[in-house]
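Chemist: Structure: work08.json, JSON, N, CA and C atoms.
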[["chain", "number", "residue", "atom", "x", "y", "z"],
["N", 1061, "MET", "N", 0.83, -1.19, 0.00],
["N", 1061, "MET", "CA", 0.00, 0.00, 0.00],
["N", 1061, "MET", "C", 0.87, 1.23, 0.00],
["N", 1062, "THR", "N", 0.29, 2.24, -0.61],
["N", 1062, "THR", "CA", 1.03, 3.50, -0.63],
["N", 1062, "THR", "C", 0.65, 4.32, 0.57],
["N", 1063, "ARG", "N", 1.38, 5.37, 0.75],
["N", 1063, "ARG", "CA", 1.18, 6.23, 1.89],
["N", 1063, "ARG", "C", -0.16, 6.95, 1.83],
["N", 1064, "THR", "N", -0.65, 7.34, 0.68],
["N", 1064, "THR", "CA", -1.90, 8.07, 0.56],
["N", 1064, "THR", "C", -3.11, 7.14, 0.69],
["N", 1065, "THR", "N", -2.94, 5.89, 0.40],
["N", 1065, "THR", "CA", -4.05, 4.96, 0.48],
["N", 1065, "THR", "C", -4.37, 4.59, 1.93],
["N", 1066, "ARG", "N", -3.39, 4.52, 2.75],
["N", 1066, "ARG", "CA", -3.60, 4.09, 4.14],
["N", 1066, "ARG", "C", -4.50, 5.04, 4.93],
["N", 1067, "PRO", "N", -4.29, 6.38, 4.94],
["N", 1067, "PRO", "CA", -5.21, 7.24, 5.69],
["N", 1067, "PRO", "C", -6.63, 7.17, 5.13],
["N", 1068, "ARG", "N", -6.77, 7.03, 3.83],
["N", 1068, "ARG", "CA", -8.10, 6.94, 3.24],
["N", 1068, "ARG", "C", -8.76, 5.63, 3.68],
["N", 1069, "LEU", "N", -8.04, 4.56, 3.71],
["N", 1069, "LEU", "CA", -8.55, 3.27, 4.14],
["N", 1069, "LEU", "C", -8.94, 3.32, 5.62],
["N", 1070, "GLU", "N", -8.17, 4.02, 6.42],
["N", 1070, "GLU", "CA", -8.49, 4.15, 7.84],
["N", 1070, "GLU", "C", -9.79, 4.94, 8.03],
["N", 1071, "ARG", "N", -9.97, 5.98, 7.22],
["N", 1071, "ARG", "CA", -11.21, 6.77, 7.32],
["N", 1071, "ARG", "C", -12.42, 5.94, 6.92],
["N", 1072, "VAL", "N", -12.27, 5.15, 5.85],
["N", 1072, "VAL", "CA", -13.37, 4.30, 5.41],
["N", 1072, "VAL", "C", -13.69, 3.26, 6.49],
["N", 1073, "ALA", "N", -12.65, 2.68, 7.08],
["N", 1073, "ALA", "CA", -12.86, 1.69, 8.14],
["N", 1073, "ALA", "C", -13.53, 2.34, 9.35],
["N", 1074, "LEU", "N", -13.13, 3.56, 9.69],
["N", 1074, "LEU", "CA", -13.72, 4.27, 10.82],
["N", 1074, "LEU", "C", -15.20, 4.55, 10.56],
["N", 1075, "VAL", "N", -15.54, 4.98, 9.36],
["N", 1075, "VAL", "CA", -16.93, 5.24, 9.01],
["N", 1075, "VAL", "C", -17.73, 3.93, 9.03],
["N", 1076, "ALA", "N", -17.14, 2.86, 8.52],
["N", 1076, "ALA", "CA", -17.83, 1.56, 8.52],
["N", 1076, "ALA", "C", -18.08, 1.07, 9.94],
["N", 1077, "VAL", "N", -17.10, 1.23, 10.84],
["N", 1077, "VAL", "CA", -17.27, 0.81, 12.23],
["N", 1077, "VAL", "C", -18.35, 1.66, 12.90],
["N", 1078, "ALA", "N", -18.35, 2.97, 12.65],
["N", 1078, "ALA", "CA", -19.37, 3.84, 13.23],
["N", 1078, "ALA", "C", -20.76, 3.46, 12.74],
["N", 1079, "ALA", "N", -20.87, 3.16, 11.46],
["N", 1079, "ALA", "CA", -22.16, 2.76, 10.90],
["N", 1079, "ALA", "C", -22.60, 1.42, 11.49],
["N", 1080, "LEU", "N", -21.68, 0.49, 11.67],
["N", 1080, "LEU", "CA", -22.01, -0.80, 12.25],
["N", 1080, "LEU", "C", -22.47, -0.66, 13.70],
["N", 1081, "VAL", "N", -21.77, 0.18, 14.46],
["N", 1081, "VAL", "CA", -22.16, 0.41, 15.85],
["N", 1081, "VAL", "C", -23.54, 1.05, 15.90],
["N", 1082, "GLY", "N", -23.81, 2.02, 15.04],
["N", 1082, "GLY", "CA", -25.14, 2.64, 14.99],
["N", 1082, "GLY", "C", -26.21, 1.65, 14.60],
["N", 1083, "LEU", "N", -25.94, 0.80, 13.63],
["N", 1083, "LEU", "CA", -26.91, -0.20, 13.19],
["N", 1083, "LEU", "C", -27.21, -1.20, 14.30],
["N", 1084, "VAL", "N", -26.18, -1.64, 15.00],
["N", 1084, "VAL", "CA", -26.38, -2.57, 16.12],
["N", 1084, "VAL", "C", -27.18, -1.89, 17.22],
["N", 1085, "GLY", "N", -26.91, -0.62, 17.49],
["N", 1085, "GLY", "CA", -27.67, 0.11, 18.50],
["N", 1085, "GLY", "C", -29.13, 0.21, 18.15],
["N", 1086, "VAL", "N", -29.43, 0.49, 16.90],
["N", 1086, "VAL", "CA", -30.82, 0.57, 16.45],
["N", 1086, "VAL", "C", -31.49, -0.79, 16.54],
["N", 1087, "ALA", "N", -30.78, -1.83, 16.14],
["N", 1087, "ALA", "CA", -31.36, -3.19, 16.19],
["N", 1087, "ALA", "C", -31.64, -3.61, 17.62],
["N", 1088, "VAL", "N", -30.74, -3.30, 18.53],
["N", 1088, "VAL", "CA", -30.95, -3.65, 19.93],
["N", 1088, "VAL", "C", -32.11, -2.85, 20.50],
["N", 1089, "GLY", "N", -32.19, -1.57, 20.16],
["N", 1089, "GLY", "CA", -33.31, -0.74, 20.63],
["N", 1089, "GLY", "C", -34.64, -1.25, 20.12],
["N", 1090, "ALA", "N", -34.69, -1.65, 18.87],
["N", 1090, "ALA", "CA", -35.93, -2.19, 18.31],
["N", 1090, "ALA", "C", -36.26, -3.53, 18.94],
["N", 1091, "GLY", "N", -35.26, -4.30, 19.26],
["N", 1091, "GLY", "CA", -35.48, -5.59, 19.91],
["N", 1091, "GLY", "C", -36.09, -5.43, 21.29],
["N", 1092, "VAL", "N", -35.67, -4.41, 22.01],
["N", 1092, "VAL", "CA", -36.22, -4.14, 23.34],
["N", 1092, "VAL", "C", -37.70, -3.80, 23.21],
["N", 1093, "GLU", "N", -38.07, -3.00, 22.22],
["N", 1093, "GLU", "CA", -39.48, -2.66, 22.02],
["N", 1093, "GLU", "C", -40.29, -3.90, 21.65],
["N", 1094, "ALA", "N", -39.72, -4.78, 20.87],
["N", 1094, "ALA", "CA", -40.44, -6.00, 20.49],
["N", 1094, "ALA", "C", -40.65, -6.89, 21.71],
["N", 1095, "VAL", "N", -39.66, -6.97, 22.57],
["N", 1095, "VAL", "CA", -39.80, -7.77, 23.79],
["N", 1095, "VAL", "C", -40.86, -7.15, 24.69],
["N", 1096, "ARG", "N", -40.85, -5.82, 24.82],
["N", 1096, "ARG", "CA", -41.84, -5.14, 25.65],
["N", 1096, "ARG", "C", -43.24, -5.37, 25.10],
["N", 1097, "SER", "N", -43.41, -5.30, 23.79],
["N", 1097, "SER", "CA", -44.71, -5.55, 23.17],
["N", 1097, "SER", "C", -45.16, -6.99, 23.41],
["N", 1098, "ALA", "N", -44.23, -7.92, 23.32],
["N", 1098, "ALA", "CA", -44.57, -9.33, 23.56],
["N", 1098, "ALA", "C", -44.99, -9.55, 25.00],
["N", 1099, "VAL", "N", -44.33, -8.89, 25.93],
["N", 1099, "VAL", "CA", -44.69, -9.03, 27.34],
["N", 1099, "VAL", "C", -46.08, -8.45, 27.59],
["N", 1100, "GLU", "N", -46.38, -7.30, 26.98],
["N", 1100, "GLU", "CA", -47.71, -6.69, 27.14],
["N", 1100, "GLU", "C", -48.79, -7.58, 26.52],
["N", 1101, "ALA", "N", -48.50, -8.18, 25.37],
["N", 1101, "ALA", "CA", -49.47, -9.07, 24.73],
["N", 1101, "ALA", "C", -49.72, -10.30, 25.59],
["N", 1102, "THR", "N", -48.67, -10.81, 26.22],
["N", 1102, "THR", "CA", -48.83, -11.97, 27.09],
["N", 1102, "THR", "C", -49.67, -11.62, 28.31],
["N", 1103, "ALA", "N", -49.45, -10.44, 28.87],
["N", 1103, "ALA", "CA", -50.24, -10.00, 30.02],
["N", 1103, "ALA", "C", -51.71, -9.84, 29.64],
["N", 1104, "THR", "N", -51.97, -9.29, 28.47],
["N", 1104, "THR", "CA", -53.35, -9.13, 28.00],
["N", 1104, "THR", "C", -54.01, -10.48, 27.79],
["N", 1105, "ALA", "N", -53.29, -11.42, 27.20],
["N", 1105, "ALA", "CA", -53.84, -12.76, 26.97],
["N", 1105, "ALA", "C", -54.12, -13.46, 28.30],
["N", 1106, "THR", "N", -53.25, -13.28, 29.28],
["N", 1106, "THR", "CA", -53.45, -13.88, 30.60],
["N", 1106, "THR", "C", -54.70, -13.32, 31.26],
["N", 1107, "ALA", "N", -54.88, -12.00, 31.17],
["N", 1107, "ALA", "CA", -56.07, -11.37, 31.75],
["N", 1107, "ALA", "C", -57.34, -11.84, 31.04],
["N", 1108, "ALA", "N", -57.28, -11.97, 29.73],
["N", 1108, "ALA", "CA", -58.45, -12.44, 28.97],
["N", 1108, "ALA", "C", -58.79, -13.87, 29.34],
["N", 1109, "THR", "N", -57.78, -14.70, 29.55],
["N", 1109, "THR", "CA", -58.02, -16.09, 29.94],
["N", 1109, "THR", "C", -58.64, -16.15, 31.33],
["N", 1110, "ALA", "N", -58.16, -15.30, 32.23],
["N", 1110, "ALA", "CA", -58.73, -15.28, 33.59],
["N", 1110, "ALA", "C", -60.19, -14.84, 33.55],
["N", 1111, "LEU", "N", -60.52, -13.87, 32.71],
["N", 1111, "LEU", "CA", -61.90, -13.41, 32.60],
["N", 1111, "LEU", "C", -62.79, -14.42, 31.90],
["N", 1112, "ALA", "N", -62.23, -15.21, 31.02],
["N", 1112, "ALA", "CA", -63.02, -16.20, 30.30],
["N", 1112, "ALA", "C", -63.61, -17.22, 31.26],
["N", 1113, "GLY", "N", -62.93, -17.52, 32.34],
["N", 1113, "GLY", "CA", -63.46, -18.44, 33.34],
["N", 1113, "GLY", "C", -64.55, -17.81, 34.19],
["N", 1114, "GLN", "N", -64.68, -16.52, 34.15],
["N", 1114, "GLN", "CA", -65.64, -15.79, 34.97],
["N", 1114, "GLN", "C", -66.92, -15.43, 34.22],
["N", 1115, "VAL", "N", -67.11, -15.93, 33.01],
["N", 1115, "VAL", "CA", -68.24, -15.52, 32.17],
["N", 1115, "VAL", "C", -69.60, -15.71, 32.86],
["N", 1116, "PRO", "N", -69.89, -16.86, 33.49],
["N", 1116, "PRO", "CA", -71.21, -17.00, 34.13],
["N", 1116, "PRO", "C", -71.44, -15.95, 35.23],
["N", 1117, "TYR", "N", -70.39, -15.66, 36.00],
["N", 1117, "TYR", "CA", -70.53, -14.68, 37.07],
["N", 1117, "TYR", "C", -70.73, -13.28, 36.51],
["N", 1118, "LEU", "N", -69.99, -12.96, 35.46],
["N", 1118, "LEU", "CA", -70.16, -11.65, 34.83],
["N", 1118, "LEU", "C", -71.55, -11.49, 34.22],
["N", 1119, "ALA", "N", -72.05, -12.56, 33.59],
["N", 1119, "ALA", "CA", -73.38, -12.51, 32.99],
["N", 1119, "ALA", "C", -74.45, -12.36, 34.07],
["N", 1120, "ALA", "N", -74.31, -13.08, 35.17],
["N", 1120, "ALA", "CA", -75.28, -12.98, 36.26],
["N", 1120, "ALA", "C", -75.25, -11.58, 36.88],
["N", 1121, "GLY", "N", -74.07, -11.03, 37.04],
["N", 1121, "GLY", "CA", -73.95, -9.67, 37.58],
["N", 1121, "GLY", "C", -74.59, -8.65, 36.65],
["N", 1122, "GLY", "N", -74.38, -8.81, 35.36],
["N", 1122, "GLY", "CA", -75.00, -7.90, 34.39],
["N", 1122, "GLY", "C", -76.51, -8.01, 34.40],
["N", 1123, "ALA", "N", -77.02, -9.24, 34.54],
["N", 1123, "ALA", "CA", -78.47, -9.43, 34.60],
["N", 1123, "ALA", "C", -79.06, -8.77, 35.85],
["N", 1124, "LEU", "N", -78.38, -8.91, 36.97],
["N", 1124, "LEU", "CA", -78.86, -8.28, 38.21],
["N", 1124, "LEU", "C", -78.85, -6.76, 38.11],
["N", 1125, "ILE", "N", -77.80, -6.21, 37.51],
["N", 1125, "ILE", "CA", -77.75, -4.76, 37.33],
["N", 1125, "ILE", "C", -78.87, -4.32, 36.41],
["N", 1126, "GLY", "N", -79.12, -5.07, 35.34],
["N", 1126, "GLY", "CA", -80.21, -4.73, 34.41],
["N", 1126, "GLY", "C", -81.56, -4.79, 35.09],
["N", 1127, "LEU", "N", -81.77, -5.80, 35.92],
["N", 1127, "LEU", "CA", -83.03, -5.89, 36.66],
["N", 1127, "LEU", "C", -83.19, -4.72, 37.63],
["N", 1128, "GLY", "N", -82.12, -4.34, 38.28],
["N", 1128, "GLY", "CA", -82.18, -3.21, 39.21],
["N", 1128, "GLY", "C", -82.51, -1.91, 38.50],
["N", 1129, "VAL", "N", -81.87, -1.67, 37.38],
["N", 1129, "VAL", "CA", -82.15, -0.45, 36.61],
["N", 1129, "VAL", "C", -83.57, -0.49, 36.09],
["N", 1130, "GLY", "N", -84.03, -1.65, 35.62],
["N", 1130, "GLY", "CA", -85.40, -1.78, 35.15],
["N", 1130, "GLY", "C", -86.41, -1.51, 36.26],
["N", 1131, "ALA", "N", -86.13, -2.00, 37.47],
["N", 1131, "ALA", "CA", -87.03, -1.78, 38.60],
["N", 1131, "ALA", "C", -87.10, -0.30, 38.96],
["N", 1132, "VAL", "N", -85.97, 0.38, 38.92],
["N", 1132, "VAL", "CA", -85.95, 1.82, 39.23],
["N", 1132, "VAL", "C", -86.76, 2.58, 38.18],
["N", 1133, "ILE", "N", -86.59, 2.26, 36.92],
["N", 1133, "ILE", "CA", -87.32, 2.96, 35.86],
["N", 1133, "ILE", "C", -88.82, 2.67, 35.97],
["N", 1134, "ALA", "N", -89.18, 1.40, 36.25],
["N", 1134, "ALA", "CA", -90.59, 1.04, 36.37],
["N", 1134, "ALA", "C", -91.23, 1.75, 37.56],
["N", 1135, "SER", "N", -90.52, 1.81, 38.70],
["N", 1135, "SER", "CA", -91.11, 2.51, 39.84],
["N", 1135, "SER", "C", -91.22, 4.00, 39.60],
["N", 1136, "GLY", "N", -90.26, 4.57, 38.90],
["N", 1136, "GLY", "CA", -90.35, 5.99, 38.57],
["N", 1136, "GLY", "C", -91.52, 6.27, 37.65],
["N", 1137, "ALA", "N", -91.72, 5.41, 36.66],
["N", 1137, "ALA", "CA", -92.84, 5.59, 35.73],
["N", 1137, "ALA", "C", -94.18, 5.40, 36.45],
["N", 1138, "THR", "N", -94.23, 4.41, 37.34],
["N", 1138, "THR", "CA", -95.46, 4.18, 38.10],
["N", 1138, "THR", "C", -95.77, 5.35, 39.01],
["N", 1139, "TYR", "N", -94.76, 5.88, 39.68],
["N", 1139, "TYR", "CA", -94.96, 7.04, 40.56],
["N", 1139, "TYR", "C", -95.47, 8.23, 39.75],
["N", 1140, "TRP", "N", -94.86, 8.47, 38.60],
["N", 1140, "TRP", "CA", -95.27, 9.60, 37.77],
["N", 1140, "TRP", "C", -96.73, 9.42, 37.31],
["N", 1141, "TYR", "N", -97.09, 8.22, 36.86],
["N", 1141, "TYR", "CA", -98.44, 7.95, 36.36],
["N", 1141, "TYR", "C", -99.47, 8.08, 37.49],
["N", 1142, "GLN", "N", -99.19, 7.51, 38.64],
["N", 1142, "GLN", "CA", -100.12, 7.58, 39.78],
["N", 1142, "GLN", "C", -100.26, 9.01, 40.27],
["N", 1143, "SER", "N", -99.14, 9.73, 40.29],
["N", 1143, "SER", "CA", -99.18, 11.13, 40.72],
["N", 1143, "SER", "C", -100.03, 11.95, 39.76],
["N", 1144, "LYS", "N", -99.93, 11.67, 38.48],
["N", 1144, "LYS", "CA", -100.73, 12.39, 37.48],
["N", 1144, "LYS", "C", -102.22, 12.05, 37.65],
["N", 1145, "GLN", "N", -102.54, 10.80, 37.91],
["N", 1145, "GLN", "CA", -103.94, 10.41, 38.09],
["N", 1145, "GLN", "C", -104.52, 11.04, 39.36],
["N", 1146, "ILE", "N", -103.78, 10.99, 40.43],
["N", 1146, "ILE", "CA", -104.27, 11.59, 41.69],
["N", 1146, "ILE", "C", -104.42, 13.09, 41.55],
["N", 1147, "GLY", "N", -103.48, 13.72, 40.88],
["N", 1147, "GLY", "CA", -103.58, 15.17, 40.66],
["N", 1147, "GLY", "C", -104.78, 15.52, 39.83],
["N", 1148, "GLY", "N", -105.15, 14.71, 38.85],
["N", 1148, "GLY", "CA", -106.33, 14.94, 38.02],
["N", 1148, "GLY", "C", -107.60, 14.79, 38.81],
["N", 1149, "ARG", "N", -107.63, 13.87, 39.76],
["N", 1149, "ARG", "CA", -108.83, 13.67, 40.58],
["N", 1149, "ARG", "C", -109.03, 14.81, 41.56],
["N", 1150, "LEU", "N", -107.92, 15.37, 42.04],
["N", 1150, "LEU", "CA", -108.02, 16.44, 43.02],
["N", 1150, "LEU", "C", -108.48, 17.75, 42.40],
["N", 1151, "GLU", "N", -108.31, 17.94, 41.13],
["N", 1151, "GLU", "CA", -108.70, 19.20, 40.50],
["N", 1151, "GLU", "C", -110.13, 19.25, 40.22]]
Can you dump the structure from the file as structure tokens?
Modeler:
Amino acid sequence: MTRTTRPRLERVALVAVAALVGLVGVAVGAGVEAVRSAVEATATATAATALAGQVPYLAAGGALIGLGVGAVIASGATYWYQSKQIGGRLE
């Protein structure tokens, strides 16, 4: 090698090493995000599996809440209707 080729070769090698280090850094950073996403997906799947065993209890709770809301609405409507009838009789 000649004297002028060596510094140029060193610069090219330095740029290549810097690019390689940057590429490895980006790949490792992206890998961490992929692992974090996989962990979150696993946690979500675990929670969904736990809830899947609770379906009868959740359905029964929803039915009871629906019955309670229906009873409140029915009593409110009955009170309003009876109040209107009694008010009409008093006039």
Chemist: Separation of atom N of Leu1127 of chain N and atom C of Gln1145 of chain N, in Å?
Modeler: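 These two atoms are separated by 28.5 Å.
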Chemist: Do you have the atom C of Val1099 of chain N-atom C of Tyr1117 of chain N distance handy?
Modeler: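 So the answer is 26.7 Å.
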Chemist: Quick one, how far is atom CA of Ala1137 of chain N from atom CA of Leu1150 of chain N?
Modeler: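 Rounded to one decimal, the two atoms are 20.0 Å apart.
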